[in-house]
Every structure is written in structure tokens, then in C-alpha cells.
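**Student:** Please find one structure pasted underneath; my questions will follow.
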Amino acid sequence: MPDLLNPATPAGAYDAFLPDALTRAAAHRPWTPADGPLPAIYLSHGAPPLFDDGPWLRELSDWALSLPKPKAIVIVSAHWEDAPLMLSAPAAGTPLYYDFGGFHRRYYQMRYATPDATGLAARLAAMMPDTEPLHQHPTRGLDHGAWIPLMAMYPLADIPVVQMSMPTHDPQRLLALGRRLAPLRDEGVLVIGSGFMVHGLPHITRDMMLHGTVPAWSSGFDDWAADALARGDVEELASYTRAPGMPYAHPTPEHYLPIFITLGTAQNPEQPAQTVIDGYMAGLAKRSFQLT
């Protein structure tokens with residue numbers, strides 16, 4: 001396995017992936033009301049090393065193409081924890097937010113100029129209750145928990161996108177926020193919770209980075225989550241602090257918590273989830289799933 005922090009050609013896998021991805025994206029069939037509601041999805045976003053992982057890029061692309069092309073996207077990322085609830089700047093071509101450090105300069109030159117999303121932002125604001133104050137941010141663009149996976153899934157950058165901050169760590173409040181967003185699925189809007197199923201970055205070892213070694217704390221947490229998701233056990237998922245592998249799997253919980261946005265947005269959060277992507281990146285579980 002190559003050194004993920006020092007690839008021979010930074011984002012070289014993305015360069016190789018892109019020509020075919022653009023061709024396939026150009027033929028992507030748009031959503032229509034006859035398709036019914038789009039699923040709610042949770043994805044492990046991968047950070048800049050995703051651009052150096054050809055198979056993972058293809059998995060995300062295949063996932064997007066297995067669904068009708070959404071009319072718009074709402075995404076809640078682990079990388080924007082802010083209260084009151086905030087929305088990203090909706091203007092066309094708003095510059096990206098490069099909220100990571102220590103990588104090659106190439107990753108800070110990536111662009112994802114999405115179209116105007118003012119109408120979507122207004123729709124989101126209207127859906128929030130008076131008890132949930134909301135701030136429209138004038139300049140903040142999409143952070144890397146949003147634009148990096150979307151560059152793999154929708155490389156044409158022709159879909160309006162609004163990012164919503166994660167205003168709390170309370171699973172019940174996040175479920176309630178997801179329920180607020182649920183009607184958007186009937187309008188062809190894809191709602192995404194973006195995190196990482198296991199995110200024990202302080203505990204990554206050289207063997208994990210160079211050889212993909214999977215520690216027990218990563219596989220144990222992933223197995224626990226997979227079982228709870230397959231049973232639709234929301235109460236168990238909300239008790240994640242007692243899960244195997246903790247606290248190594250999540251020294252802080254923000255990469256796990258977007259799961260509750262996805263569950264809340266689903267028609268029934270207790271339905272069995274469909275895992276679409278599994279496996280590991282540098283020993284960290286990248287499980288991603290969808291619910292109808």
C-alpha cells in the first residue's frame with residue numbers, strides 16, 4: 001500500500017478516474033417524481049487521500065450512478081460543528097473551504113464550482129422551526145467532508161449543494177433535524193450525512209498507514225455498527241460510547257454523529273440499512289450505507 005500522505009503523484013488516481021467518470025456522469029438520468037423519494041445516505045468521506053484511492057473513487061461513483069441524479073444536495077459534514085444551525089453560502093461558484101493541513105499543495109488547488117443554490121437554502125430555512133435559529137453564512141464554502149466525496153460522485157459539479165452545520169452532539173436532536181429534512185427526498189433532493197465510520201486518527205500506526213493493518217478497535221466498532229444497522233437498532237446506535245473499540249474508534253464523536261441525520265431523514269429509521277461501501281482505508285472502517 002502506498003504512503004497515503006506522500007503519494008508518488010498527488011491526486012493521480014483522481015486524474016486517472018476523471019475522464020471516464022465525466023463521461024458516465026454526462027449520461028446520468030435525472031430524478032423525476034416517478035422515481036419516488038431518493039434514499040438518505042451516510043458516507044465515509046475519506047479526506048484528501050480519497051483522491052489517491054482509485055477503487056474507492058469508483059465505488060462512490062458507482063453508488064451515485066445507481067441512483068437517479070438528484071436535483072439538489074443537502075449535506076451535513078463532520079467538519080462543520082456550529083450552533084446556531086448554519087447554512088453554507090449558496091452563491092454559484094463559492095470558493096471551497098480547505099479545512100485540512102499537512103498535505104501536498106495540489107489538494108488545495110482542487111475546485112468544485114457548484115451552481116447557485118439560493119432557492120435550496122431558502123427552502124431549508126423555511127423548514128426549520130422557530131425553536132431552531134438558523135444563520136445563512138455569507139462566505140463559507142463547502143468543506144472537505146462535502147466537496148471531496150461529491151467530486152467523486154458528481155464530478156460535473158452541476159448540482160446545487162447546500163451544506164448544513166451540525167449544531168449538536170445529541171443523537172435525538174440530530175434525528176429530529178433529519179426528520180425535518182425528510183420531505184426534501186420527495187422533491188429529488190439527496191440528503192447526505194458525511195463522516196467516517198471509524199475515525200481514530202490519533203491512534204493510527206505506521207503499519208496501518210503503509211500496510212493497511214486493521215486494529216481490533218477499528219474492526220470491532222465497525223462490526224458493532226454493521227450489526228446494529230442491519231437490525232435497525234437506533235437505540236443501540238445512540239449508545240455508541242459503550243461500543244467495542246471505544247474511545248479509540250472515535251476519540252471525538254463528530255465523524256460518527258452524521259449517521260443520525262441520515263437515520264432521521266429515512267422513512268423509517270429502524271429499517272435495516274443497506275451497506276453500499278465497506279472495507280478499510282489505512283485500517284479505518286469506511287462503511288457507508290443508505291436507507292429508503
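Here's how to read the names in the C-alpha cells: chain A, B, ... by the order shown, residue numbers from 1 in each chain, ligand numbers from 1 in the order shown.
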Using only C-alpha atoms, what does the table of range 187-290 of chain A residues within 7 Å of range 61-72 of chain A look like, with each row giving the shortest atom pair and its distance in Å to one decimal, sorted by chain and ascending number, as a tab-separated table?

**Tutor:**
```
residue	atom	partner	partner_atom	distance
A:Gly188	CA	A:Pro70	CA	5.3
A:Val189	CA	A:Ala72	CA	4.8
A:Leu190	CA	A:Pro70	CA	5.9
```

**Student:** Can you list every residue in range 26-140 of chain A that DSSP puts in strand (DSSP E or B), as a PyMOL selection string?

**Tutor:** chain A and resi 30+40-44+69+72-81+85-87+134-136

**Student:** What would the file look like if the residues just selected were written as an mmCIF file, in the first residue's frame with N, CA, C and O atoms?

**Tutor:**
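part-v7.cif, freshly written:
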```
data_model
loop_
_atom_site.group_PDB
_atom_site.id
_atom_site.type_symbol
_atom_site.label_atom_id
_atom_site.label_comp_id
_atom_site.auth_asym_id
_atom_site.auth_seq_id
_atom_site.Cartn_x
_atom_site.Cartn_y
_atom_site.Cartn_z
ATOM 1 N N PRO A 30 -31.601 12.053 -14.876
ATOM 2 C CA PRO A 30 -32.099 12.909 -13.795
ATOM 3 C C PRO A 30 -33.279 12.282 -13.057
ATOM 4 O O PRO A 30 -34.070 11.523 -13.645
ATOM 5 N N ALA A 40 -31.811 8.244 1.809
ATOM 6 C CA ALA A 40 -30.942 9.027 2.683
ATOM 7 C C ALA A 40 -29.647 8.248 2.829
ATOM 8 O O ALA A 40 -29.672 7.019 2.991
ATOM 9 N N ILE A 41 -28.502 8.934 2.753
ATOM 10 C CA ILE A 41 -27.243 8.200 2.766
ATOM 11 C C ILE A 41 -26.280 8.746 3.818
ATOM 12 O O ILE A 41 -26.312 9.927 4.176
ATOM 13 N N TYR A 42 -25.444 7.845 4.322
ATOM 14 C CA TYR A 42 -24.312 8.191 5.176
ATOM 15 C C TYR A 42 -23.073 7.678 4.470
ATOM 16 O O TYR A 42 -23.010 6.513 4.064
ATOM 17 N N LEU A 43 -22.082 8.551 4.314
ATOM 18 C CA LEU A 43 -20.854 8.131 3.653
ATOM 19 C C LEU A 43 -19.636 8.490 4.488
ATOM 20 O O LEU A 43 -19.623 9.469 5.237
ATOM 21 N N SER A 44 -18.632 7.651 4.362
ATOM 22 C CA SER A 44 -17.315 7.943 4.916
ATOM 23 C C SER A 44 -16.546 8.681 3.836
ATOM 24 O O SER A 44 -16.365 8.166 2.732
ATOM 25 N N LYS A 69 -30.101 10.961 -10.783
ATOM 26 C CA LYS A 69 -29.320 12.166 -10.496
ATOM 27 C C LYS A 69 -30.179 13.165 -9.725
ATOM 28 O O LYS A 69 -31.243 13.579 -10.194
ATOM 29 N N ALA A 72 -30.864 18.434 -6.310
ATOM 30 C CA ALA A 72 -30.061 19.246 -5.390
ATOM 31 C C ALA A 72 -29.544 18.318 -4.298
ATOM 32 O O ALA A 72 -29.999 17.174 -4.158
ATOM 33 N N ILE A 73 -28.587 18.825 -3.517
ATOM 34 C CA ILE A 73 -27.971 18.039 -2.453
ATOM 35 C C ILE A 73 -27.894 18.887 -1.186
ATOM 36 O O ILE A 73 -27.490 20.053 -1.235
ATOM 37 N N VAL A 74 -28.277 18.276 -0.069
ATOM 38 C CA VAL A 74 -28.054 18.855 1.257
ATOM 39 C C VAL A 74 -27.115 17.919 1.995
ATOM 40 O O VAL A 74 -27.356 16.707 2.052
ATOM 41 N N ILE A 75 -26.037 18.459 2.539
ATOM 42 C CA ILE A 75 -25.038 17.613 3.189
ATOM 43 C C ILE A 75 -24.678 18.186 4.552
ATOM 44 O O ILE A 75 -24.509 19.391 4.713
ATOM 45 N N VAL A 76 -24.605 17.292 5.529
ATOM 46 C CA VAL A 76 -24.156 17.634 6.876
ATOM 47 C C VAL A 76 -22.843 16.910 7.098
ATOM 48 O O VAL A 76 -22.789 15.684 7.046
ATOM 49 N N SER A 77 -21.790 17.670 7.326
ATOM 50 C CA SER A 77 -20.444 17.117 7.425
ATOM 51 C C SER A 77 -19.938 17.154 8.854
ATOM 52 O O SER A 77 -20.257 18.070 9.619
ATOM 53 N N ALA A 78 -19.094 16.172 9.178
ATOM 54 C CA ALA A 78 -18.443 16.152 10.486
ATOM 55 C C ALA A 78 -17.573 17.375 10.714
ATOM 56 O O ALA A 78 -17.253 17.707 11.858
ATOM 57 N N HIS A 79 -17.203 18.062 9.646
ATOM 58 C CA HIS A 79 -16.227 19.145 9.746
ATOM 59 C C HIS A 79 -16.853 20.521 9.950
ATOM 60 O O HIS A 79 -16.137 21.524 9.893
ATOM 61 N N TRP A 80 -18.150 20.555 10.166
ATOM 62 C CA TRP A 80 -18.770 21.852 10.483
ATOM 63 C C TRP A 80 -19.695 21.659 11.667
ATOM 64 O O TRP A 80 -20.870 21.354 11.525
ATOM 65 N N GLU A 81 -19.144 21.829 12.857
ATOM 66 C CA GLU A 81 -19.910 21.779 14.092
ATOM 67 C C GLU A 81 -20.138 23.219 14.521
ATOM 68 O O GLU A 81 -19.199 23.898 14.937
ATOM 69 N N LEU A 85 -27.725 26.658 14.076
ATOM 70 C CA LEU A 85 -27.661 25.988 12.797
ATOM 71 C C LEU A 85 -27.282 26.970 11.698
ATOM 72 O O LEU A 85 -27.822 28.071 11.624
ATOM 73 N N MET A 86 -26.335 26.563 10.840
ATOM 74 C CA MET A 86 -25.864 27.441 9.787
ATOM 75 C C MET A 86 -25.926 26.753 8.430
ATOM 76 O O MET A 86 -25.824 25.528 8.346
ATOM 77 N N LEU A 87 -26.084 27.558 7.384
ATOM 78 C CA LEU A 87 -26.058 27.079 6.009
ATOM 79 C C LEU A 87 -24.862 27.693 5.295
ATOM 80 O O LEU A 87 -24.509 28.853 5.530
ATOM 81 N N LEU A 134 -31.507 29.860 12.731
ATOM 82 C CA LEU A 134 -30.698 29.482 11.577
ATOM 83 C C LEU A 134 -29.992 30.711 11.033
ATOM 84 O O LEU A 134 -30.580 31.779 10.894
ATOM 85 N N HIS A 135 -28.706 30.542 10.728
ATOM 86 C CA HIS A 135 -27.896 31.635 10.189
ATOM 87 C C HIS A 135 -27.437 31.278 8.778
ATOM 88 O O HIS A 135 -26.874 30.198 8.557
ATOM 89 N N GLN A 136 -27.679 32.171 7.836
ATOM 90 C CA GLN A 136 -27.194 31.989 6.466
ATOM 91 C C GLN A 136 -25.789 32.584 6.369
ATOM 92 O O GLN A 136 -25.615 33.792 6.422
#
```

**Student:** Could you pull the residues within 10 Å of Leu124 in chain A, counting only C-alpha atoms, minus those fewer than 5 positions along the same chain, as a PDB file with all heavy atoms, in the first residue's frame?

**Tutor:**
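Wrote out_8.pdb, looks like this:
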```pdb
ATOM      1  N   VAL A  74     -28.277  18.276  -0.069  1.00  0.00           N
ATOM      2  CA  VAL A  74     -28.054  18.855   1.257  1.00  0.00           C
ATOM      3  C   VAL A  74     -27.115  17.919   1.995  1.00  0.00           C
ATOM      4  O   VAL A  74     -27.356  16.707   2.052  1.00  0.00           O
ATOM      5  CB  VAL A  74     -29.368  19.009   2.045  1.00  0.00           C
ATOM      6  CG1 VAL A  74     -29.082  19.474   3.478  1.00  0.00           C
ATOM      7  CG2 VAL A  74     -30.301  19.982   1.348  1.00  0.00           C
ATOM      8  N   LEU A  87     -26.084  27.558   7.384  1.00  0.00           N
ATOM      9  CA  LEU A  87     -26.058  27.079   6.009  1.00  0.00           C
ATOM     10  C   LEU A  87     -24.862  27.693   5.295  1.00  0.00           C
ATOM     11  O   LEU A  87     -24.509  28.853   5.530  1.00  0.00           O
ATOM     12  CB  LEU A  87     -27.345  27.464   5.272  1.00  0.00           C
ATOM     13  CG  LEU A  87     -28.664  26.991   5.872  1.00  0.00           C
ATOM     14  CD1 LEU A  87     -29.828  27.470   4.991  1.00  0.00           C
ATOM     15  CD2 LEU A  87     -28.693  25.477   6.017  1.00  0.00           C
ATOM     16  N   THR A 118     -29.443  29.228  -4.053  1.00  0.00           N
ATOM     17  CA  THR A 118     -30.206  30.164  -3.226  1.00  0.00           C
ATOM     18  C   THR A 118     -31.609  29.631  -2.925  1.00  0.00           C
ATOM     19  O   THR A 118     -32.099  29.736  -1.793  1.00  0.00           O
ATOM     20  CB  THR A 118     -30.310  31.525  -3.932  1.00  0.00           C
ATOM     21  OG1 THR A 118     -28.991  32.003  -4.211  1.00  0.00           O
ATOM     22  CG2 THR A 118     -31.038  32.530  -3.059  1.00  0.00           C
ATOM     23  N   GLY A 119     -32.260  29.047  -3.923  1.00  0.00           N
ATOM     24  CA  GLY A 119     -33.597  28.511  -3.713  1.00  0.00           C
ATOM     25  C   GLY A 119     -33.601  27.377  -2.706  1.00  0.00           C
ATOM     26  O   GLY A 119     -34.508  27.277  -1.866  1.00  0.00           O
ATOM     27  N   LEU A 134     -31.507  29.860  12.731  1.00  0.00           N
ATOM     28  CA  LEU A 134     -30.698  29.482  11.577  1.00  0.00           C
ATOM     29  C   LEU A 134     -29.992  30.711  11.033  1.00  0.00           C
ATOM     30  O   LEU A 134     -30.580  31.779  10.894  1.00  0.00           O
ATOM     31  CB  LEU A 134     -31.584  28.842  10.502  1.00  0.00           C
ATOM     32  CG  LEU A 134     -30.869  28.280   9.275  1.00  0.00           C
ATOM     33  CD1 LEU A 134     -31.524  26.990   8.815  1.00  0.00           C
ATOM     34  CD2 LEU A 134     -30.875  29.306   8.141  1.00  0.00           C
ATOM     35  N   VAL A 162     -26.070  22.657  -0.766  1.00  0.00           N
ATOM     36  CA  VAL A 162     -26.018  23.461   0.451  1.00  0.00           C
ATOM     37  C   VAL A 162     -25.527  22.565   1.574  1.00  0.00           C
ATOM     38  O   VAL A 162     -26.026  21.449   1.747  1.00  0.00           O
ATOM     39  CB  VAL A 162     -27.394  24.066   0.815  1.00  0.00           C
ATOM     40  CG1 VAL A 162     -27.364  24.659   2.224  1.00  0.00           C
ATOM     41  CG2 VAL A 162     -27.782  25.137  -0.188  1.00  0.00           C
ATOM     42  N   MET A 164     -25.091  22.072   5.637  1.00  0.00           N
ATOM     43  CA  MET A 164     -25.722  22.488   6.895  1.00  0.00           C
ATOM     44  C   MET A 164     -24.800  22.107   8.037  1.00  0.00           C
ATOM     45  O   MET A 164     -24.219  21.013   8.036  1.00  0.00           O
ATOM     46  CB  MET A 164     -27.085  21.808   7.039  1.00  0.00           C
ATOM     47  CG  MET A 164     -27.820  22.123   8.324  1.00  0.00           C
ATOM     48  SD  MET A 164     -29.452  21.327   8.385  1.00  0.00           S
ATOM     49  CE  MET A 164     -30.352  22.349   7.215  1.00  0.00           C
ATOM     50  N   ARG A 180     -36.885  16.732   9.901  1.00  0.00           N
ATOM     51  CA  ARG A 180     -37.245  17.997   9.248  1.00  0.00           C
ATOM     52  C   ARG A 180     -36.855  17.995   7.775  1.00  0.00           C
ATOM     53  O   ARG A 180     -37.528  18.588   6.932  1.00  0.00           O
ATOM     54  CB  ARG A 180     -36.554  19.161   9.965  1.00  0.00           C
ATOM     55  CG  ARG A 180     -37.129  19.476  11.315  1.00  0.00           C
ATOM     56  CD  ARG A 180     -38.279  20.449  11.165  1.00  0.00           C
ATOM     57  NE  ARG A 180     -38.982  20.653  12.432  1.00  0.00           N
ATOM     58  CZ  ARG A 180     -40.062  21.396  12.551  1.00  0.00           C
ATOM     59  NH1 ARG A 180     -40.557  22.017  11.479  1.00  0.00           N
ATOM     60  NH2 ARG A 180     -40.673  21.530  13.703  1.00  0.00           N
ATOM     61  N   LEU A 181     -35.730  17.338   7.482  1.00  0.00           N
ATOM     62  CA  LEU A 181     -35.222  17.324   6.111  1.00  0.00           C
ATOM     63  C   LEU A 181     -35.894  16.268   5.236  1.00  0.00           C
ATOM     64  O   LEU A 181     -35.777  16.312   4.007  1.00  0.00           O
ATOM     65  CB  LEU A 181     -33.711  17.065   6.125  1.00  0.00           C
ATOM     66  CG  LEU A 181     -32.849  18.058   6.908  1.00  0.00           C
ATOM     67  CD1 LEU A 181     -31.393  17.609   6.889  1.00  0.00           C
ATOM     68  CD2 LEU A 181     -32.994  19.461   6.352  1.00  0.00           C
ATOM     69  N   LEU A 184     -37.641  16.684   1.717  1.00  0.00           N
ATOM     70  CA  LEU A 184     -36.826  17.020   0.554  1.00  0.00           C
ATOM     71  C   LEU A 184     -36.586  15.817  -0.351  1.00  0.00           C
ATOM     72  O   LEU A 184     -36.425  15.965  -1.567  1.00  0.00           O
ATOM     73  CB  LEU A 184     -35.473  17.587   1.008  1.00  0.00           C
ATOM     74  CG  LEU A 184     -35.501  18.922   1.748  1.00  0.00           C
ATOM     75  CD1 LEU A 184     -34.121  19.247   2.306  1.00  0.00           C
ATOM     76  CD2 LEU A 184     -35.965  20.030   0.812  1.00  0.00           C
TER      77      LEU A 184
END
```

**Student:** For Ser194 in chain A, which residue out of A:Asp222, A:Asp227, A:Glu254, A:Asp207 is the nearest one, using only C-alpha atoms?

**Tutor:**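 Under the stated criterion, the closest residue is A:Glu254.
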
**Student:** Considering only C-alpha atoms, can you say which of A:Phe100, A:Tyr154, A:Phe196, A:Tyr256 comes closest to Ala26 in chain A?

**Tutor:**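 The shortest atom-to-atom distance to Ala26 in chain A comes from A:Tyr154.
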
**Student:** Please provide the set of residues having any atom within 10 Å of range 287-290 of chain A, restricted to only C-alpha atoms, with same-chain residues fewer than 2 positions apart removed, written as a ChimeraX atom specification.

**Tutor:** /A:38-45,60,63,192-198,222-223,225-226,229,259,262-263,266,272-280,284-285,292

**Student:** What is the CA of Ser239 in chain A-CA of Pro202 in chain A distance in Å, reported with one decimal?

**Tutor:**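 These atoms are spaced 22.2 Å apart.
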
**Student:** Would you kindly return, as a ChimeraX atom specification, each protein, DNA or RNA residue with an atom no farther than 9 Å from any atom of Thr241 in chain A, considering only C-alpha atoms and excluding same-chain residues fewer than 5 positions away?

**Tutor:** /A:246-247,250,253

**Student:** Since we have the selection now, will you write its residues out, keeping N, CA, C and O atoms, as a PDB file, in the first residue's frame?

**Tutor:**
```pdb
ATOM      1  N   MET A 246     -14.264   1.634  21.486  1.00  0.00           N
ATOM      2  CA  MET A 246     -14.278   2.999  22.003  1.00  0.00           C
ATOM      3  C   MET A 246     -13.346   3.104  23.219  1.00  0.00           C
ATOM      4  O   MET A 246     -13.208   2.152  23.973  1.00  0.00           O
ATOM      5  N   PRO A 247     -12.699   4.271  23.390  1.00  0.00           N
ATOM      6  CA  PRO A 247     -12.814   5.504  22.602  1.00  0.00           C
ATOM      7  C   PRO A 247     -11.821   5.601  21.450  1.00  0.00           C
ATOM      8  O   PRO A 247     -11.725   6.645  20.817  1.00  0.00           O
ATOM      9  N   HIS A 250     -13.390   6.459  18.021  1.00  0.00           N
ATOM     10  CA  HIS A 250     -13.849   7.850  17.920  1.00  0.00           C
ATOM     11  C   HIS A 250     -13.413   8.608  19.168  1.00  0.00           C
ATOM     12  O   HIS A 250     -14.195   8.756  20.113  1.00  0.00           O
ATOM     13  N   PRO A 253     -16.639  12.465  18.760  1.00  0.00           N
ATOM     14  CA  PRO A 253     -17.707  11.745  18.059  1.00  0.00           C
ATOM     15  C   PRO A 253     -18.184  12.350  16.745  1.00  0.00           C
ATOM     16  O   PRO A 253     -19.075  11.796  16.107  1.00  0.00           O
TER      17      PRO A 253
END
```

**Student:** Just the alpha helix (DSSP H) stuff from range 16-162 of chain A, please, per backbone DSSP, written as a short mmCIF file (atom, residue, chain, number, x, y, z; two decimals) with N, CA, C and O atoms, in the first residue's frame.

**Tutor:**
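Saved file part-v4.cif follows:
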```cif
data_model
loop_
_atom_site.label_atom_id
_atom_site.label_comp_id
_atom_site.auth_asym_id
_atom_site.auth_seq_id
_atom_site.Cartn_x
_atom_site.Cartn_y
_atom_site.Cartn_z
N ALA A 16 -6.68 9.90 -13.16
CA ALA A 16 -6.95 8.73 -13.99
C ALA A 16 -8.43 8.38 -14.01
O ALA A 16 -8.96 7.89 -15.01
N PHE A 17 -9.10 8.64 -12.90
CA PHE A 17 -10.52 8.32 -12.75
C PHE A 17 -11.41 9.28 -13.53
O PHE A 17 -12.46 8.90 -14.06
N LEU A 18 -11.01 10.54 -13.63
CA LEU A 18 -11.91 11.60 -14.04
C LEU A 18 -12.46 11.49 -15.47
O LEU A 18 -13.66 11.70 -15.67
N PRO A 19 -11.64 11.18 -16.49
CA PRO A 19 -12.21 11.18 -17.85
C PRO A 19 -13.41 10.24 -18.00
O PRO A 19 -14.46 10.63 -18.54
N ASP A 20 -13.29 9.01 -17.52
CA ASP A 20 -14.41 8.07 -17.62
C ASP A 20 -15.56 8.50 -16.71
O ASP A 20 -16.73 8.36 -17.08
N ALA A 21 -15.22 9.05 -15.54
CA ALA A 21 -16.27 9.50 -14.61
C ALA A 21 -17.10 10.61 -15.23
O ALA A 21 -18.33 10.64 -15.07
N LEU A 22 -16.47 11.52 -15.92
CA LEU A 22 -17.20 12.61 -16.56
C LEU A 22 -18.11 12.09 -17.67
O LEU A 22 -19.25 12.55 -17.83
N THR A 23 -17.62 11.13 -18.42
CA THR A 23 -18.44 10.54 -19.49
C THR A 23 -19.67 9.85 -18.90
O THR A 23 -20.79 10.02 -19.40
N ARG A 24 -19.45 9.10 -17.85
CA ARG A 24 -20.58 8.40 -17.23
C ARG A 24 -21.55 9.38 -16.58
O ARG A 24 -22.76 9.21 -16.66
N ALA A 25 -21.01 10.44 -15.97
CA ALA A 25 -21.87 11.43 -15.32
C ALA A 25 -22.73 12.17 -16.34
O ALA A 25 -23.88 12.53 -16.06
N ALA A 26 -22.19 12.40 -17.53
CA ALA A 26 -22.95 13.12 -18.56
C ALA A 26 -24.17 12.33 -19.00
O ALA A 26 -25.15 12.91 -19.50
N GLY A 54 -8.02 4.85 -6.21
CA GLY A 54 -8.86 4.63 -7.39
C GLY A 54 -10.07 3.75 -7.14
O GLY A 54 -11.19 4.09 -7.57
N PRO A 55 -9.92 2.60 -6.47
CA PRO A 55 -11.10 1.75 -6.23
C PRO A 55 -12.18 2.44 -5.41
O PRO A 55 -13.37 2.27 -5.67
N TRP A 56 -11.78 3.23 -4.41
CA TRP A 56 -12.77 3.93 -3.58
C TRP A 56 -13.47 5.01 -4.39
O TRP A 56 -14.70 5.19 -4.30
N LEU A 57 -12.73 5.74 -5.22
CA LEU A 57 -13.35 6.72 -6.11
C LEU A 57 -14.42 6.06 -6.97
O LEU A 57 -15.53 6.59 -7.15
N ARG A 58 -14.09 4.89 -7.51
CA ARG A 58 -15.04 4.18 -8.38
C ARG A 58 -16.25 3.71 -7.59
O ARG A 58 -17.39 3.77 -8.09
N GLU A 59 -16.05 3.27 -6.35
CA GLU A 59 -17.18 2.84 -5.53
C GLU A 59 -18.17 4.00 -5.31
O GLU A 59 -19.39 3.80 -5.42
N LEU A 60 -17.64 5.18 -5.01
CA LEU A 60 -18.52 6.33 -4.80
C LEU A 60 -19.23 6.72 -6.09
O LEU A 60 -20.42 7.07 -6.09
N SER A 61 -18.50 6.68 -7.20
CA SER A 61 -19.11 7.00 -8.49
C SER A 61 -20.21 6.00 -8.84
O SER A 61 -21.31 6.39 -9.27
N ASP A 62 -19.94 4.72 -8.65
CA ASP A 62 -20.95 3.69 -8.94
C ASP A 62 -22.18 3.88 -8.06
O ASP A 62 -23.32 3.66 -8.52
N TRP A 63 -21.97 4.24 -6.82
CA TRP A 63 -23.10 4.47 -5.91
C TRP A 63 -23.98 5.60 -6.43
O TRP A 63 -25.20 5.47 -6.53
N ALA A 64 -23.35 6.72 -6.79
CA ALA A 64 -24.12 7.85 -7.30
C ALA A 64 -24.90 7.46 -8.55
O ALA A 64 -26.09 7.82 -8.71
N LEU A 65 -24.27 6.72 -9.45
CA LEU A 65 -24.90 6.37 -10.72
C LEU A 65 -25.99 5.30 -10.55
O LEU A 65 -26.81 5.13 -11.44
N THR A 118 -29.44 29.23 -4.05
CA THR A 118 -30.21 30.16 -3.23
C THR A 118 -31.61 29.63 -2.92
O THR A 118 -32.10 29.74 -1.79
N GLY A 119 -32.26 29.05 -3.92
CA GLY A 119 -33.60 28.51 -3.71
C GLY A 119 -33.60 27.38 -2.71
O GLY A 119 -34.51 27.28 -1.87
N LEU A 120 -32.59 26.51 -2.78
CA LEU A 120 -32.50 25.41 -1.83
C LEU A 120 -32.25 25.93 -0.42
O LEU A 120 -32.86 25.44 0.55
N ALA A 121 -31.39 26.92 -0.28
CA ALA A 121 -31.12 27.49 1.04
C ALA A 121 -32.39 28.10 1.64
O ALA A 121 -32.68 27.93 2.83
N ALA A 122 -33.17 28.78 0.81
CA ALA A 122 -34.43 29.36 1.29
C ALA A 122 -35.41 28.27 1.70
O ALA A 122 -36.13 28.41 2.70
N ARG A 123 -35.44 27.20 0.94
CA ARG A 123 -36.32 26.07 1.27
C ARG A 123 -35.93 25.46 2.62
O ARG A 123 -36.78 25.16 3.45
N LEU A 124 -34.63 25.30 2.86
CA LEU A 124 -34.16 24.75 4.12
C LEU A 124 -34.52 25.67 5.28
O LEU A 124 -34.99 25.21 6.33
N ALA A 125 -34.32 26.95 5.09
CA ALA A 125 -34.65 27.90 6.15
C ALA A 125 -36.12 27.84 6.52
O ALA A 125 -36.49 27.90 7.70
N ALA A 126 -36.97 27.68 5.53
CA ALA A 126 -38.42 27.63 5.77
C ALA A 126 -38.83 26.36 6.49
O ALA A 126 -39.90 26.31 7.11
N MET A 127 -38.01 25.31 6.42
CA MET A 127 -38.35 24.04 7.04
C MET A 127 -38.01 23.99 8.52
O MET A 127 -38.43 23.08 9.23
N HIS A 144 -14.19 20.00 3.30
CA HIS A 144 -13.70 18.81 2.60
C HIS A 144 -14.53 17.57 2.89
O HIS A 144 -14.47 16.59 2.13
N GLY A 145 -15.33 17.60 3.96
CA GLY A 145 -16.26 16.49 4.19
C GLY A 145 -17.41 16.49 3.21
O GLY A 145 -18.15 15.51 3.11
N ALA A 146 -17.55 17.58 2.45
CA ALA A 146 -18.60 17.69 1.44
C ALA A 146 -18.01 17.61 0.03
O ALA A 146 -18.38 16.76 -0.77
N TRP A 147 -17.07 18.51 -0.30
CA TRP A 147 -16.65 18.59 -1.70
C TRP A 147 -15.79 17.42 -2.14
O TRP A 147 -15.83 17.05 -3.33
N ILE A 148 -15.04 16.80 -1.23
CA ILE A 148 -14.20 15.69 -1.68
C ILE A 148 -15.04 14.50 -2.14
O ILE A 148 -14.85 14.01 -3.26
N PRO A 149 -15.99 13.98 -1.35
CA PRO A 149 -16.79 12.87 -1.89
C PRO A 149 -17.66 13.27 -3.07
O PRO A 149 -17.89 12.48 -3.98
N LEU A 150 -18.16 14.52 -3.07
CA LEU A 150 -19.00 14.94 -4.19
C LEU A 150 -18.22 15.04 -5.49
O LEU A 150 -18.77 14.82 -6.57
N MET A 151 -16.93 15.32 -5.42
CA MET A 151 -16.12 15.34 -6.64
C MET A 151 -16.00 13.96 -7.26
O MET A 151 -15.83 13.83 -8.47
N ALA A 152 -16.13 12.93 -6.44
CA ALA A 152 -16.14 11.56 -6.96
C ALA A 152 -17.53 11.16 -7.44
O ALA A 152 -17.67 10.53 -8.48
N MET A 153 -18.56 11.56 -6.71
CA MET A 153 -19.92 11.12 -7.01
C MET A 153 -20.56 11.91 -8.14
O MET A 153 -21.26 11.36 -8.98
#
```

**Student:** Closest to Ala282 in chain A among A:Asp53, A:Asp158, A:Asp233, A:Asp35, using only C-alpha atoms?

**Tutor:**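 Once distances to Ala282 in chain A are computed over only C-alpha atoms, the minimum belongs to A:Asp53.
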
**Student:** Which is closest to Pro251 in chain A among A:Gly283, A:Gly200, A:Pro138, A:Gly232, if we use only C-alpha atoms?

**Tutor:**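 Between A:Gly283, A:Gly200, A:Pro138, A:Gly232, the residue approaching Pro251 in chain A most closely is A:Gly200.
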
**Student:** Take CA of Asp82 in chain A and CA of Thr94 in chain A and report the distance between them in Å, one decimal.

**Tutor:** 19.4 Å

**Student:** Taking into account only C-alpha atoms, which residue in the set A:Ala11, A:Ala27, A:Ala34, A:Leu177 is nearest to Arg106 in chain A?

**Tutor:**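 Distance minimum relative to Arg106 in chain A lands on A:Ala11.
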